[in-house]
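Engineer: There's a structure below that I have some questions on.
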Amino acid sequence: MKAARDYKSLLLAAVTLAVFIIAIWVLHHSLAKLRLADVLASVQAEPWTRVAACAFFSACSYGMLTFYDYLAVRGVRHPLPWRRTALTSFIAFAIGHSAGLSMLSGGSVRYRGYVKQGLSAFEIAGVVGLISVTFTLGIGTLLGLSLLLESHQAAHILHLDHAWQARVLGSAIFVVILGYLWLTQRIKTPLRIRDREFRLPSFSISVRQIVVASIDLCFCAASLYVLLPDTIPLHFFSFVGLYVLALQSGVISNVPGGVGVFESVLIQLLPGGATAELVSAVLLYRFIYYFVPLVFGVGLFAGREAMR
């Protein structure tokens with residue numbers, strides 16, 4: 001049993017490393033013609049108003065992220081007030097976003113935080129699972145809206161032959177989301193896995209999951225969108241669809257912070273390809289949205305553990 005777990009861990013590590021190497025190779029190929037001096041000059045030339053807007057939208061995103069946990073603890077029938085979930089939620093997301101394997105790294109932080117709030121290990125696992133569902137619902141909702149509302153531009157970005165193909169993809173995504181909502185409305189009895197029982201979240205919580213995640217991801221996308229050079233002719237909702245694709249690719253890869261994977265997908269999909277201004281925008285976004293919260297998150301976690 002232990003050998004099987006070790007084998008799976010090694011396989012996951014090997015796949016993650018392979019994805020990271022491929023992403024770095026693609027990124028290196030895309031950036032080969034750029035000079036570091038030009039990128040650094042673009043960073044220094046970025047207007048402070050755009051940097052401030054990025055920081056504002058990043059703060060709004062992390063504020064919305066705290067409601068993921070607030071809804072999740074209600075989903076496992078162990079409701080806690082927002083003030084008792086917000087700190088644990090922020091620390092878990094701040095560390096999980098950068099550490100990779102967010103279910104494991106963020107889950108460890110949540111276990112330390114919520115076991116003190118009276119949640120069992122099984123309930124905390126349910127919280128982590130519902131947070132992943134919330135994120136997936138938000139990704140699906142925004143991607144579906146982008147494909148439906150900006151179908152012509154989405155078809156061009158995704159190299160589809162016709163706009164109706166983008167609309168079909170968007171409609172298919174919403175069928176899945178509506179199916180999830182239907183299940184939460186219809187299935188009231190507990191489901192059993194081995195000797196454990198769990199319930200699907202209520203319909204009202206599921207709707208709030210979609211709203212919260214969609215608002216969060218819009219803020220998240222906006223924090224990068226405001227830094228993009230004016231030469232990229234994309235409406236915000238077109239960019240949101242592209243952004244969530246790149247973000248989900250980074251999450252699936254399990255590479256810490258999606259580094260390399262997110263950038264590779266983003267640059268390949270954005271019109272115009274890699275430029276010094278685009279790379280500087282992504283670097284600033286990385287620093288503000290990932291590094292700054294990570295520093296605060298680690299500091300808050302260390303302080304809380306020291307107090308205990």
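FYI, nothing fancy with the structure tokens labels: chains A, B, ... in order, residues from 1 per chain, ligands from 1 as they appear.
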Using DSSP on the backbone coordinates, identify all residues within segment 62-291 of chain A classified as alpha helix (DSSP H); present the result as a ChimeraX atom specification.
Structural biologist: /A:62-75,82-99,102-114,121-149,151-157,163-186,203-225,236-253,261-269,276-285
Engineer: DSSP says strand (DSSP E or B) for which residues of segment 67-281 of chain A? Put them as a list in words?
Structural biologist: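 Of segment 67-281 of chain A, only Leu191, Arg192, Ile193, Arg196, Glu197 and Phe198 of chain A fall in strand (DSSP E or B).
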Engineer: List as a PyMOL selection string the protein and nucleic acid residues near Tyr290 of chain A, meaning an atom at most 12 Å away when only C-alpha atoms are counted, but skip any in the same chain fewer than 3 places from it.
Structural biologist: chain A and resi 54-55+58-59+61-62+93-100+220+223-224+256-259+282-287+293-297
Engineer: What gap, in Å, lies between atom CA of Asp69 of chain A and atom CA of Tyr114 of chain A?
Structural biologist: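 Computed distance, atom CA of Asp69 of chain A to atom CA of Tyr114 of chain A, equals 10.3 Å.
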Engineer: Need the shell around Arg110 of chain A: protein/DNA/RNA residues with any atom at most 9 Å away, counting only C-alpha atoms. Skip same-chain ones fewer than 2 positions apart. Format as an mmCIF file with C-alpha atoms, in the first residue's frame?
Structural biologist:
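Result saved to around09.cif:
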data_model
loop_
_atom_site.group_PDB
_atom_site.id
_atom_site.type_symbol
_atom_site.label_atom_id
_atom_site.label_comp_id
_atom_site.auth_asym_id
_atom_site.auth_seq_id
_atom_site.Cartn_x
_atom_site.Cartn_y
_atom_site.Cartn_z
ATOM 1 C CA THR A 88 -7.377 30.932 7.545
ATOM 2 C CA SER A 89 -8.770 31.344 4.034
ATOM 3 C CA ILE A 91 -3.334 32.378 4.476
ATOM 4 C CA ALA A 92 -4.297 29.155 2.674
ATOM 5 C CA SER A 105 -0.569 23.070 0.755
ATOM 6 C CA GLY A 106 -3.737 25.081 1.290
ATOM 7 C CA GLY A 107 -5.419 22.026 2.801
ATOM 8 C CA SER A 108 -2.673 21.730 5.412
ATOM 9 C CA ARG A 112 -4.411 23.657 11.229
ATOM 10 C CA GLY A 113 -6.988 26.440 11.281
ATOM 11 C CA TYR A 114 -10.298 24.582 11.231
ATOM 12 C CA VAL A 115 -9.467 21.707 13.566
ATOM 13 C CA ILE A 124 -12.086 19.705 6.507
ATOM 14 C CA VAL A 127 -14.244 22.017 2.782
ATOM 15 C CA VAL A 128 -11.159 21.628 0.575
#
